[in-house]
>>> print(open('upload39.txt').read())   # compact mmCIF, N, CA, C and O atoms and all ligand atoms
# COMPACT_ATOMS: atom_id res chain seq x y z
N MET A 186 -139.44 -141.48 17.22
CA MET A 186 -140.32 -142.30 18.05
C MET A 186 -140.12 -143.78 17.74
O MET A 186 -140.05 -144.16 16.58
N ILE A 187 -140.03 -144.57 18.76
CA ILE A 187 -139.93 -146.01 18.56
C ILE A 187 -141.24 -146.62 19.07
O ILE A 187 -141.58 -146.47 20.25
N GLY A 188 -141.93 -147.25 18.16
CA GLY A 188 -143.24 -147.81 18.51
C GLY A 188 -143.11 -149.10 19.31
O GLY A 188 -142.07 -149.78 19.24
N ARG A 189 -144.13 -149.44 20.06
CA ARG A 189 -144.16 -150.69 20.82
C ARG A 189 -143.93 -151.87 19.88
O ARG A 189 -144.55 -151.95 18.82
N GLY A 190 -143.00 -152.76 20.24
CA GLY A 190 -142.76 -153.96 19.46
C GLY A 190 -141.84 -153.76 18.27
O GLY A 190 -141.49 -154.71 17.58
N GLU A 191 -141.41 -152.52 18.00
CA GLU A 191 -140.51 -152.30 16.87
C GLU A 191 -139.10 -152.75 17.23
O GLU A 191 -138.68 -152.63 18.39
N VAL A 192 -138.39 -153.24 16.21
CA VAL A 192 -137.03 -153.73 16.42
C VAL A 192 -136.05 -152.56 16.26
O VAL A 192 -136.18 -151.76 15.33
N VAL A 193 -135.09 -152.46 17.18
CA VAL A 193 -134.05 -151.43 17.07
C VAL A 193 -132.70 -152.12 16.95
O VAL A 193 -132.36 -152.96 17.79
N LEU A 194 -131.96 -151.83 15.90
CA LEU A 194 -130.62 -152.39 15.74
C LEU A 194 -129.61 -151.29 16.03
O LEU A 194 -129.67 -150.21 15.45
N ILE A 195 -128.69 -151.55 16.94
CA ILE A 195 -127.67 -150.55 17.27
C ILE A 195 -126.45 -150.79 16.37
O ILE A 195 -125.88 -151.89 16.38
N ALA A 196 -126.05 -149.80 15.60
CA ALA A 196 -124.87 -149.91 14.75
C ALA A 196 -123.72 -149.19 15.45
O ALA A 196 -123.60 -147.98 15.38
N LEU A 197 -122.90 -149.96 16.18
CA LEU A 197 -121.80 -149.39 16.95
C LEU A 197 -120.91 -148.49 16.10
O LEU A 197 -120.50 -147.41 16.52
N ALA A 198 -120.64 -148.95 14.86
CA ALA A 198 -119.72 -148.21 14.00
C ALA A 198 -120.22 -146.81 13.69
O ALA A 198 -119.43 -145.90 13.41
N ALA A 199 -121.54 -146.59 13.75
CA ALA A 199 -122.08 -145.27 13.44
C ALA A 199 -121.60 -144.22 14.44
O ALA A 199 -121.50 -143.04 14.12
N ALA A 200 -121.26 -144.65 15.66
CA ALA A 200 -120.82 -143.70 16.69
C ALA A 200 -119.55 -142.97 16.26
O ALA A 200 -119.35 -141.79 16.59
N ASP A 201 -118.68 -143.65 15.50
CA ASP A 201 -117.43 -143.01 15.08
C ASP A 201 -117.63 -142.05 13.91
O ASP A 201 -116.68 -141.40 13.48
N ARG A 202 -118.86 -141.97 13.40
CA ARG A 202 -119.18 -141.01 12.33
C ARG A 202 -119.93 -139.81 12.91
O ARG A 202 -120.51 -139.03 12.18
N ASP A 203 -119.94 -139.68 14.23
CA ASP A 203 -120.68 -138.60 14.88
C ASP A 203 -119.91 -137.27 14.73
O ASP A 203 -118.83 -137.12 15.29
N GLU A 204 -120.50 -136.34 13.97
CA GLU A 204 -119.84 -135.05 13.71
C GLU A 204 -119.65 -134.23 14.98
O GLU A 204 -118.78 -133.37 15.06
N LYS A 205 -120.44 -134.52 16.02
CA LYS A 205 -120.28 -133.78 17.28
C LYS A 205 -119.04 -134.27 18.02
O LYS A 205 -118.49 -133.59 18.87
N ARG A 206 -118.59 -135.48 17.70
CA ARG A 206 -117.44 -136.08 18.37
C ARG A 206 -116.15 -135.93 17.54
O ARG A 206 -115.09 -135.64 18.07
N PHE A 207 -116.27 -136.14 16.22
CA PHE A 207 -115.11 -136.07 15.32
C PHE A 207 -115.41 -135.12 14.17
O PHE A 207 -116.39 -135.33 13.44
N ALA A 208 -114.57 -134.09 14.00
CA ALA A 208 -114.75 -133.16 12.89
C ALA A 208 -114.58 -133.91 11.58
O ALA A 208 -113.69 -134.77 11.46
N GLU A 209 -115.39 -133.59 10.59
CA GLU A 209 -115.35 -134.25 9.27
C GLU A 209 -115.27 -135.76 9.42
O GLU A 209 -114.38 -136.42 8.88
N ALA A 210 -116.19 -136.30 10.20
CA ALA A 210 -116.14 -137.71 10.59
C ALA A 210 -116.20 -138.67 9.41
O ALA A 210 -115.73 -139.81 9.52
N ASP A 211 -116.77 -138.24 8.28
CA ASP A 211 -116.88 -139.14 7.13
C ASP A 211 -115.60 -139.18 6.29
O ASP A 211 -115.49 -139.97 5.37
N VAL A 212 -114.64 -138.30 6.62
CA VAL A 212 -113.39 -138.27 5.85
C VAL A 212 -112.41 -139.29 6.43
O VAL A 212 -112.21 -139.36 7.65
N PHE A 213 -111.80 -140.12 5.56
CA PHE A 213 -110.80 -141.09 5.99
C PHE A 213 -109.51 -140.32 6.28
O PHE A 213 -108.86 -139.83 5.36
N ASP A 214 -109.17 -140.16 7.54
CA ASP A 214 -108.04 -139.33 7.94
C ASP A 214 -107.17 -140.09 8.93
O ASP A 214 -107.50 -140.21 10.11
N LEU A 215 -106.05 -140.62 8.42
CA LEU A 215 -105.18 -141.44 9.27
C LEU A 215 -104.53 -140.63 10.38
O LEU A 215 -104.10 -141.20 11.39
N GLY A 216 -104.44 -139.32 10.21
CA GLY A 216 -103.76 -138.48 11.20
C GLY A 216 -104.69 -137.92 12.26
O GLY A 216 -104.25 -137.20 13.16
N ARG A 217 -105.95 -138.26 12.19
CA ARG A 217 -106.93 -137.68 13.12
C ARG A 217 -106.64 -138.11 14.57
O ARG A 217 -106.22 -139.21 14.83
N GLU A 218 -106.84 -137.18 15.50
CA GLU A 218 -106.78 -137.52 16.92
C GLU A 218 -108.09 -138.25 17.23
O GLU A 218 -109.15 -137.63 17.29
N ALA A 219 -108.00 -139.56 17.38
CA ALA A 219 -109.23 -140.36 17.46
C ALA A 219 -109.38 -141.06 18.80
O ALA A 219 -110.04 -142.10 18.90
N ARG A 220 -108.76 -140.49 19.84
CA ARG A 220 -108.89 -141.11 21.15
C ARG A 220 -110.38 -141.26 21.52
O ARG A 220 -111.16 -140.37 21.25
N GLY A 221 -110.73 -142.39 22.07
CA GLY A 221 -112.11 -142.60 22.48
C GLY A 221 -113.00 -143.17 21.39
O GLY A 221 -114.20 -143.29 21.57
N HIS A 222 -112.40 -143.54 20.22
CA HIS A 222 -113.23 -144.14 19.17
C HIS A 222 -113.74 -145.50 19.62
O HIS A 222 -113.23 -146.08 20.59
N LEU A 223 -114.75 -146.00 18.92
CA LEU A 223 -115.40 -147.26 19.35
C LEU A 223 -115.16 -148.41 18.37
O LEU A 223 -115.91 -149.38 18.37
N ALA A 224 -114.11 -148.32 17.57
CA ALA A 224 -113.85 -149.41 16.60
C ALA A 224 -113.64 -150.75 17.30
O ALA A 224 -113.95 -151.80 16.74
N PHE A 225 -113.11 -150.70 18.51
CA PHE A 225 -112.91 -151.93 19.27
C PHE A 225 -113.89 -152.03 20.44
O PHE A 225 -113.65 -152.73 21.41
N GLY A 226 -114.99 -151.33 20.32
CA GLY A 226 -116.00 -151.34 21.37
C GLY A 226 -115.54 -150.50 22.56
O GLY A 226 -114.72 -149.60 22.43
N GLY A 227 -116.08 -150.81 23.72
CA GLY A 227 -115.72 -150.04 24.91
C GLY A 227 -116.27 -150.70 26.16
O GLY A 227 -117.05 -151.65 26.09
N GLY A 228 -115.84 -150.21 27.29
CA GLY A 228 -116.34 -150.74 28.56
C GLY A 228 -115.89 -152.17 28.81
O GLY A 228 -114.86 -152.60 28.30
N ILE A 229 -116.68 -152.91 29.55
CA ILE A 229 -116.24 -154.25 29.96
C ILE A 229 -116.16 -155.23 28.80
O ILE A 229 -115.50 -156.26 28.92
N HIS A 230 -116.81 -154.93 27.68
CA HIS A 230 -116.74 -155.83 26.52
C HIS A 230 -115.80 -155.31 25.44
O HIS A 230 -115.87 -155.74 24.29
N GLN A 231 -114.92 -154.39 25.82
CA GLN A 231 -113.92 -153.89 24.86
C GLN A 231 -113.18 -155.07 24.26
O GLN A 231 -112.89 -156.06 24.95
N CYS A 232 -112.88 -154.99 22.96
CA CYS A 232 -112.25 -156.10 22.22
C CYS A 232 -110.99 -156.62 22.92
O CYS A 232 -110.05 -155.88 23.17
N LEU A 233 -110.99 -157.93 23.19
CA LEU A 233 -109.83 -158.53 23.85
C LEU A 233 -108.65 -158.65 22.89
O LEU A 233 -107.50 -158.80 23.31
N GLY A 234 -108.93 -158.63 21.58
CA GLY A 234 -107.87 -158.83 20.59
C GLY A 234 -107.35 -157.53 20.01
O GLY A 234 -106.60 -157.54 19.04
N ALA A 235 -107.72 -156.37 20.62
CA ALA A 235 -107.36 -155.08 20.02
C ALA A 235 -105.84 -154.92 19.85
O ALA A 235 -105.38 -154.46 18.81
N GLY A 236 -105.07 -155.33 20.86
CA GLY A 236 -103.61 -155.20 20.77
C GLY A 236 -103.07 -156.04 19.63
O GLY A 236 -102.24 -155.58 18.83
N LEU A 237 -103.55 -157.28 19.53
CA LEU A 237 -103.11 -158.18 18.46
C LEU A 237 -103.53 -157.65 17.09
O LEU A 237 -102.74 -157.64 16.14
N ALA A 238 -104.78 -157.18 17.01
CA ALA A 238 -105.29 -156.66 15.73
C ALA A 238 -104.47 -155.46 15.27
O ALA A 238 -104.13 -155.33 14.09
N ARG A 239 -104.11 -154.57 16.22
CA ARG A 239 -103.30 -153.40 15.86
C ARG A 239 -101.93 -153.84 15.36
O ARG A 239 -101.39 -153.30 14.38
N MET A 240 -101.33 -154.81 16.07
CA MET A 240 -100.01 -155.30 15.69
C MET A 240 -100.05 -155.94 14.30
O MET A 240 -99.20 -155.66 13.45
N GLU A 241 -101.05 -156.79 14.07
CA GLU A 241 -101.18 -157.46 12.77
C GLU A 241 -101.38 -156.43 11.65
O GLU A 241 -100.77 -156.55 10.59
N GLY A 242 -102.21 -155.43 11.91
CA GLY A 242 -102.46 -154.41 10.90
C GLY A 242 -101.20 -153.64 10.56
O GLY A 242 -100.89 -153.40 9.39
N THR A 243 -100.45 -153.27 11.60
CA THR A 243 -99.20 -152.52 11.39
C THR A 243 -98.23 -153.35 10.57
O THR A 243 -97.65 -152.87 9.58
N ILE A 244 -98.04 -154.62 10.95
CA ILE A 244 -97.09 -155.49 10.24
C ILE A 244 -97.54 -155.70 8.79
O ILE A 244 -96.74 -155.57 7.85
N ALA A 245 -98.82 -155.99 8.59
CA ALA A 245 -99.32 -156.28 7.24
C ALA A 245 -99.14 -155.06 6.32
O ALA A 245 -98.64 -155.19 5.20
N ILE A 246 -99.52 -153.88 6.80
CA ILE A 246 -99.43 -152.68 5.94
C ILE A 246 -97.97 -152.32 5.69
O ILE A 246 -97.58 -151.99 4.58
N GLU A 247 -97.12 -152.40 6.75
CA GLU A 247 -95.69 -152.10 6.56
C GLU A 247 -95.07 -153.04 5.53
O GLU A 247 -94.32 -152.62 4.65
N GLN A 248 -95.36 -154.35 5.65
CA GLN A 248 -94.80 -155.33 4.72
C GLN A 248 -95.29 -155.10 3.29
O GLN A 248 -94.51 -155.18 2.35
N LEU A 249 -96.58 -154.80 3.16
CA LEU A 249 -97.15 -154.57 1.83
C LEU A 249 -96.47 -153.38 1.16
O LEU A 249 -96.04 -153.46 -0.01
N LEU A 250 -96.30 -152.28 1.91
CA LEU A 250 -95.71 -151.07 1.32
C LEU A 250 -94.21 -151.24 1.08
O LEU A 250 -93.64 -150.67 0.16
N THR A 251 -93.54 -152.06 1.92
CA THR A 251 -92.11 -152.30 1.73
C THR A 251 -91.89 -153.16 0.48
O THR A 251 -91.01 -152.90 -0.34
N ARG A 252 -92.70 -154.22 0.34
CA ARG A 252 -92.52 -155.13 -0.79
C ARG A 252 -93.02 -154.53 -2.09
O ARG A 252 -92.50 -154.81 -3.16
N PHE A 253 -94.05 -153.69 -2.03
CA PHE A 253 -94.65 -153.13 -3.26
C PHE A 253 -94.76 -151.61 -3.13
O PHE A 253 -95.87 -151.07 -2.99
N PRO A 254 -93.64 -150.90 -3.18
CA PRO A 254 -93.69 -149.44 -2.99
C PRO A 254 -94.50 -148.73 -4.06
O PRO A 254 -94.95 -147.60 -3.84
N GLY A 255 -94.68 -149.39 -5.23
CA GLY A 255 -95.43 -148.74 -6.32
C GLY A 255 -96.91 -149.08 -6.30
O GLY A 255 -97.62 -148.78 -7.26
N ILE A 256 -97.39 -149.67 -5.21
CA ILE A 256 -98.80 -150.08 -5.15
C ILE A 256 -99.74 -148.88 -5.32
O ILE A 256 -99.52 -147.83 -4.72
N ARG A 257 -100.73 -149.03 -6.20
CA ARG A 257 -101.69 -147.94 -6.48
C ARG A 257 -103.08 -148.54 -6.65
O ARG A 257 -103.21 -149.68 -7.07
N LEU A 258 -104.11 -147.73 -6.38
CA LEU A 258 -105.48 -148.18 -6.64
C LEU A 258 -105.68 -148.31 -8.14
O LEU A 258 -105.27 -147.44 -8.91
N ALA A 259 -106.34 -149.41 -8.55
CA ALA A 259 -106.65 -149.59 -9.97
C ALA A 259 -108.09 -149.21 -10.26
O ALA A 259 -108.52 -149.22 -11.41
N GLU A 260 -108.84 -148.89 -9.22
CA GLU A 260 -110.22 -148.46 -9.38
C GLU A 260 -110.45 -147.40 -8.29
O GLU A 260 -109.81 -147.43 -7.24
N PRO A 261 -111.34 -146.45 -8.53
CA PRO A 261 -111.52 -145.35 -7.57
C PRO A 261 -111.95 -145.81 -6.18
O PRO A 261 -111.54 -145.25 -5.18
N SER A 262 -112.76 -146.86 -6.14
CA SER A 262 -113.23 -147.34 -4.84
C SER A 262 -113.41 -148.85 -4.97
O SER A 262 -113.66 -149.36 -6.05
N GLY A 263 -113.25 -149.55 -3.88
CA GLY A 263 -113.41 -151.00 -3.94
C GLY A 263 -114.88 -151.39 -3.91
O GLY A 263 -115.76 -150.55 -4.03
N ARG A 264 -115.12 -152.67 -3.75
CA ARG A 264 -116.50 -153.13 -3.60
C ARG A 264 -116.74 -153.41 -2.12
O ARG A 264 -116.00 -154.17 -1.49
N TRP A 265 -117.75 -152.76 -1.55
CA TRP A 265 -117.98 -152.83 -0.12
C TRP A 265 -118.93 -153.96 0.25
O TRP A 265 -119.85 -154.28 -0.51
N ARG A 266 -118.71 -154.57 1.40
CA ARG A 266 -119.60 -155.62 1.88
C ARG A 266 -120.99 -155.06 2.14
O ARG A 266 -121.12 -153.89 2.50
N ALA A 267 -121.99 -155.90 1.99
CA ALA A 267 -123.36 -155.44 2.17
C ALA A 267 -123.78 -155.43 3.64
O ALA A 267 -124.84 -154.93 3.98
N SER A 268 -122.96 -155.94 4.53
CA SER A 268 -123.33 -156.08 5.94
C SER A 268 -123.55 -154.72 6.63
O SER A 268 -122.81 -153.77 6.39
N ILE A 269 -124.56 -154.66 7.49
CA ILE A 269 -124.72 -153.43 8.28
C ILE A 269 -123.97 -153.55 9.61
O ILE A 269 -123.88 -152.60 10.37
N LEU A 270 -123.44 -154.72 9.90
CA LEU A 270 -122.74 -154.91 11.17
C LEU A 270 -121.25 -154.65 11.05
O LEU A 270 -120.66 -154.02 11.92
N ILE A 271 -120.65 -155.15 9.99
CA ILE A 271 -119.20 -154.99 9.84
C ILE A 271 -118.90 -154.28 8.53
O ILE A 271 -119.28 -154.76 7.46
N ARG A 272 -118.27 -153.13 8.64
CA ARG A 272 -117.92 -152.34 7.47
C ARG A 272 -116.59 -152.86 6.94
O ARG A 272 -115.63 -153.02 7.69
N GLY A 273 -116.53 -153.14 5.66
CA GLY A 273 -115.27 -153.62 5.10
C GLY A 273 -115.37 -153.84 3.62
O GLY A 273 -116.45 -153.84 3.04
N LEU A 274 -114.21 -154.02 3.00
CA LEU A 274 -114.15 -154.23 1.56
C LEU A 274 -114.24 -155.71 1.24
O LEU A 274 -113.63 -156.54 1.91
N ASP A 275 -114.97 -156.01 0.19
CA ASP A 275 -115.01 -157.35 -0.40
C ASP A 275 -113.86 -157.50 -1.37
O ASP A 275 -113.27 -158.56 -1.52
N ARG A 276 -113.56 -156.39 -2.05
CA ARG A 276 -112.58 -156.42 -3.13
C ARG A 276 -111.97 -155.04 -3.30
O ARG A 276 -112.66 -154.02 -3.19
N LEU A 277 -110.66 -155.00 -3.50
CA LEU A 277 -109.97 -153.74 -3.80
C LEU A 277 -108.87 -154.06 -4.79
O LEU A 277 -107.87 -154.69 -4.43
N ILE A 278 -109.06 -153.65 -6.04
CA ILE A 278 -108.09 -154.00 -7.08
C ILE A 278 -106.98 -152.96 -7.09
O ILE A 278 -107.23 -151.75 -7.08
N VAL A 279 -105.72 -153.44 -7.09
CA VAL A 279 -104.56 -152.55 -7.10
C VAL A 279 -103.59 -152.97 -8.20
O VAL A 279 -103.66 -154.09 -8.70
N THR A 280 -102.70 -152.06 -8.56
CA THR A 280 -101.59 -152.42 -9.43
C THR A 280 -100.32 -152.35 -8.57
O THR A 280 -100.27 -151.58 -7.60
N LEU A 281 -99.33 -153.18 -8.91
CA LEU A 281 -98.16 -153.28 -8.04
C LEU A 281 -96.91 -152.57 -8.59
O LEU A 281 -95.90 -152.54 -7.90
N ASP A 282 -96.96 -152.04 -9.82
CA ASP A 282 -95.72 -151.40 -10.29
C ASP A 282 -95.95 -149.95 -10.63
O ASP A 282 -96.98 -149.39 -10.41
C1 LIG A 301 -109.50 -155.13 13.33
C2 LIG A 301 -109.83 -156.21 14.06
C3 LIG A 301 -110.90 -156.22 15.14
C4 LIG A 301 -111.94 -155.36 15.33
C5 LIG A 301 -112.34 -154.14 14.53
C6 LIG A 301 -112.65 -155.85 16.51
C7 LIG A 301 -113.78 -155.23 17.05
C8 LIG A 301 -114.41 -155.66 18.20
C9 LIG A 301 -115.54 -154.98 18.81
C10 LIG A 301 -116.23 -153.71 18.28
C11 LIG A 301 -115.89 -155.67 19.93
C12 LIG A 301 -117.01 -155.31 20.95
C13 LIG A 301 -118.28 -156.00 20.59
C14 LIG A 301 -119.38 -155.62 21.58
O1 LIG A 301 -119.36 -154.53 22.17
O2 LIG A 301 -120.29 -156.43 21.76
C15 LIG A 301 -114.99 -156.80 20.02
C16 LIG A 301 -115.03 -157.75 21.02
C17 LIG A 301 -114.18 -158.84 21.09
N1 LIG A 301 -113.10 -159.10 20.27
FE1 LIG A 301 -112.54 -158.03 18.68
N2 LIG A 301 -112.02 -156.97 17.00
C18 LIG A 301 -110.94 -157.23 16.19
C19 LIG A 301 -110.02 -158.25 16.33
C20 LIG A 301 -110.05 -159.21 17.32
C21 LIG A 301 -109.07 -160.27 17.48
C22 LIG A 301 -107.83 -160.45 16.57
C23 LIG A 301 -109.46 -161.03 18.55
C24 LIG A 301 -108.85 -162.22 19.17
C25 LIG A 301 -107.65 -162.72 18.82
C26 LIG A 301 -110.69 -160.41 19.07
C27 LIG A 301 -111.39 -160.86 20.16
C28 LIG A 301 -112.50 -160.27 20.71
C29 LIG A 301 -113.23 -160.79 21.85
C30 LIG A 301 -112.93 -162.07 22.63
C31 LIG A 301 -114.28 -159.89 22.10
C32 LIG A 301 -115.37 -159.99 23.18
C33 LIG A 301 -114.95 -159.23 24.42
C34 LIG A 301 -116.07 -159.27 25.48
O3 LIG A 301 -117.25 -159.40 25.10
O4 LIG A 301 -115.74 -159.15 26.67
N3 LIG A 301 -111.00 -159.32 18.31
N4 LIG A 301 -114.10 -156.76 18.97
>>> encode(input="upload39.txt", output="structure tokens")
Amino acid sequence: MIGRGEVVLIALAAADRDEKRFAEADVFDLGREARGHLAFGGGIHQCLGAGLARMEGTIAIEQLLTRFPGIRLAEPSGRWRASILIRGLDRLIVTLD
């Protein structure tokens, strides 16, 4: 129930954790069939930079793995941002050899 005058914040990112839409939605799975995800929004306000962001991400990760093939996590999990709007890491310590 939402009471009169109560504030409702919509967390778009929560939609991609919907177990009815994606099996094991909380598992980080790069191979998942994720058509229809909302990471770049949807509809008329779909992210205009999605193509660029995908290209930049591909280049950055490919270059990182090519230059540092021995890259490994130095801690089990990074430090996550406190924001409820944008999910992301503040810090992720790695070793390079
Ligand atoms: C991984 C990187 C990015 C993510 C996850 C992302 C995510 C999003 C999301 C979820 C929206 C929809 C917001 C809403 O529904 O109100 C959005 C909108 C938008 N994004 Fe991105 N974005 C990224 C990168 C970029 C880049 C690189 C650019 C530009 C160079 C960009 C430009 C825009 C613009 C202009 C809109 C507004 C579109 C509109 O309201 O019609 N984004 N983005």
>>> atom_distance(input="upload39.txt", atom1="atom C8 of ligand LIG 301 (chain A)", atom2="CA of Ala224 (chain A)")
6.5 Å
>>> residues_around(input="upload39.txt", residues="region 262-279 of chain A", least_positions_apart="4", cutoff="7 Å", atoms="all atoms listed in the file", output="list of chain:residue names")
A:Ile195, A:Ala196, A:Leu197, A:Ala198, A:Ile256, A:Arg257, A:Leu258
>>> write_last_selection(input="upload39.txt", atoms="N, CA, C and O atoms", output="PDB file, in the coordinates of the input")
ATOM      1  N   ILE A 195    -128.690-151.550  16.940  1.00  0.00           N
ATOM      2  CA  ILE A 195    -127.670-150.550  17.270  1.00  0.00           C
ATOM      3  C   ILE A 195    -126.450-150.790  16.370  1.00  0.00           C
ATOM      4  O   ILE A 195    -125.880-151.890  16.380  1.00  0.00           O
ATOM      5  N   ALA A 196    -126.050-149.800  15.600  1.00  0.00           N
ATOM      6  CA  ALA A 196    -124.870-149.910  14.750  1.00  0.00           C
ATOM      7  C   ALA A 196    -123.720-149.190  15.450  1.00  0.00           C
ATOM      8  O   ALA A 196    -123.600-147.980  15.380  1.00  0.00           O
ATOM      9  N   LEU A 197    -122.900-149.960  16.180  1.00  0.00           N
ATOM     10  CA  LEU A 197    -121.800-149.390  16.950  1.00  0.00           C
ATOM     11  C   LEU A 197    -120.910-148.490  16.100  1.00  0.00           C
ATOM     12  O   LEU A 197    -120.500-147.410  16.520  1.00  0.00           O
ATOM     13  N   ALA A 198    -120.640-148.950  14.860  1.00  0.00           N
ATOM     14  CA  ALA A 198    -119.720-148.210  14.000  1.00  0.00           C
ATOM     15  C   ALA A 198    -120.220-146.810  13.690  1.00  0.00           C
ATOM     16  O   ALA A 198    -119.430-145.900  13.410  1.00  0.00           O
ATOM     17  N   ILE A 256     -97.390-149.670  -5.210  1.00  0.00           N
ATOM     18  CA  ILE A 256     -98.800-150.080  -5.150  1.00  0.00           C
ATOM     19  C   ILE A 256     -99.740-148.880  -5.320  1.00  0.00           C
ATOM     20  O   ILE A 256     -99.520-147.830  -4.720  1.00  0.00           O
ATOM     21  N   ARG A 257    -100.730-149.030  -6.200  1.00  0.00           N
ATOM     22  CA  ARG A 257    -101.690-147.940  -6.480  1.00  0.00           C
ATOM     23  C   ARG A 257    -103.080-148.540  -6.650  1.00  0.00           C
ATOM     24  O   ARG A 257    -103.210-149.680  -7.070  1.00  0.00           O
ATOM     25  N   LEU A 258    -104.110-147.730  -6.380  1.00  0.00           N
ATOM     26  CA  LEU A 258    -105.480-148.180  -6.640  1.00  0.00           C
ATOM     27  C   LEU A 258    -105.680-148.310  -8.140  1.00  0.00           C
ATOM     28  O   LEU A 258    -105.270-147.440  -8.910  1.00  0.00           O
TER      29      LEU A 258
END
>>> atom_distance(input="upload39.txt", atom1="atom O of Ala245 (chain A)", atom2="atom N of Pro261 (chain A)")
20.6 Å
>>> select_by_dssp(input="upload39.txt", residues="region 203-273 of chain A", states="strand (DSSP E)", output="list of chain:residue names")
A:Arg257, A:Leu258, A:Arg264, A:Trp265
>>> residues_near_ligand(input="upload39.txt", ligand="ligand LIG 301 (chain A)", cutoff="7 Å", atoms="only N, CA, C and O atoms and all ligand atoms", output="NGL selection string")
:A and (223-235 or 237-239)
>>> select_by_dssp(input="upload39.txt", residues="region 196-271 of chain A", states="helix (DSSP H, G or I)", output="ChimeraX atom specification")
/A:197-202,228-230,235-252
>>> atom_distance(input="upload39.txt", atom1="CA of His222 (chain A)", atom2="CA of Ala199 (chain A)")
10.6 Å
>>> decode(input="upload39.txt", residues="region 200-213 of chain A", atoms="N, CA, C and O atoms", output="mmCIF file, in the first residue's frame")
data_model
loop_
_atom_site.group_PDB
_atom_site.id
_atom_site.type_symbol
_atom_site.label_atom_id
_atom_site.label_comp_id
_atom_site.auth_asym_id
_atom_site.auth_seq_id
_atom_site.Cartn_x
_atom_site.Cartn_y
_atom_site.Cartn_z
ATOM 1 N N ALA A 200 14.626 -3.789 -12.092
ATOM 2 C CA ALA A 200 13.865 -4.575 -13.069
ATOM 3 C C ALA A 200 14.709 -5.715 -13.641
ATOM 4 O O ALA A 200 14.186 -6.794 -13.947
ATOM 5 N N ASP A 201 16.022 -5.496 -13.772
ATOM 6 C CA ASP A 201 16.882 -6.535 -14.338
ATOM 7 C C ASP A 201 17.212 -7.635 -13.326
ATOM 8 O O ASP A 201 17.874 -8.610 -13.666
ATOM 9 N N ARG A 202 16.744 -7.467 -12.079
ATOM 10 C CA ARG A 202 16.921 -8.507 -11.059
ATOM 11 C C ARG A 202 15.622 -9.287 -10.860
ATOM 12 O O ARG A 202 15.476 -10.013 -9.890
ATOM 13 N N ASP A 203 14.672 -9.117 -11.770
ATOM 14 C CA ASP A 203 13.373 -9.768 -11.632
ATOM 15 C C ASP A 203 13.490 -11.256 -12.002
ATOM 16 O O ASP A 203 13.743 -11.590 -13.162
ATOM 17 N N GLU A 204 13.303 -12.130 -11.002
ATOM 18 C CA GLU A 204 13.436 -13.579 -11.219
ATOM 19 C C GLU A 204 12.398 -14.113 -12.204
ATOM 20 O O GLU A 204 12.592 -15.145 -12.824
ATOM 21 N N LYS A 205 11.290 -13.385 -12.378
ATOM 22 C CA LYS A 205 10.267 -13.851 -13.327
ATOM 23 C C LYS A 205 10.730 -13.579 -14.759
ATOM 24 O O LYS A 205 10.255 -14.183 -15.709
ATOM 25 N N ARG A 206 11.665 -12.654 -14.915
ATOM 26 C CA ARG A 206 12.158 -12.278 -16.243
ATOM 27 C C ARG A 206 13.487 -12.966 -16.578
ATOM 28 O O ARG A 206 13.697 -13.422 -17.687
ATOM 29 N N PHE A 207 14.387 -13.023 -15.581
ATOM 30 C CA PHE A 207 15.712 -13.622 -15.783
ATOM 31 C C PHE A 207 15.970 -14.672 -14.716
ATOM 32 O O PHE A 207 15.924 -14.358 -13.520
ATOM 33 N N ALA A 208 16.263 -15.911 -15.142
ATOM 34 C CA ALA A 208 16.568 -16.975 -14.185
ATOM 35 C C ALA A 208 17.845 -16.610 -13.438
ATOM 36 O O ALA A 208 18.793 -16.087 -14.038
ATOM 37 N N GLU A 209 17.884 -16.898 -12.147
ATOM 38 C CA GLU A 209 19.040 -16.583 -11.296
ATOM 39 C C GLU A 209 19.531 -15.162 -11.544
ATOM 40 O O GLU A 209 20.708 -14.927 -11.838
ATOM 41 N N ALA A 210 18.606 -14.230 -11.458
ATOM 42 C CA ALA A 210 18.875 -12.842 -11.835
ATOM 43 C C ALA A 210 19.983 -12.185 -11.025
ATOM 44 O O ALA A 210 20.618 -11.236 -11.498
ATOM 45 N N ASP A 211 20.236 -12.677 -9.808
ATOM 46 C CA ASP A 211 21.277 -12.057 -8.981
ATOM 47 C C ASP A 211 22.674 -12.570 -9.309
ATOM 48 O O ASP A 211 23.661 -12.070 -8.787
ATOM 49 N N VAL A 212 22.752 -13.590 -10.184
ATOM 50 C CA VAL A 212 24.064 -14.143 -10.534
ATOM 51 C C VAL A 212 24.662 -13.347 -11.695
ATOM 52 O O VAL A 212 23.980 -13.074 -12.689
ATOM 53 N N PHE A 213 25.935 -12.944 -11.569
ATOM 54 C CA PHE A 213 26.623 -12.231 -12.639
ATOM 55 C C PHE A 213 26.983 -13.252 -13.723
ATOM 56 O O PHE A 213 27.848 -14.096 -13.520
#
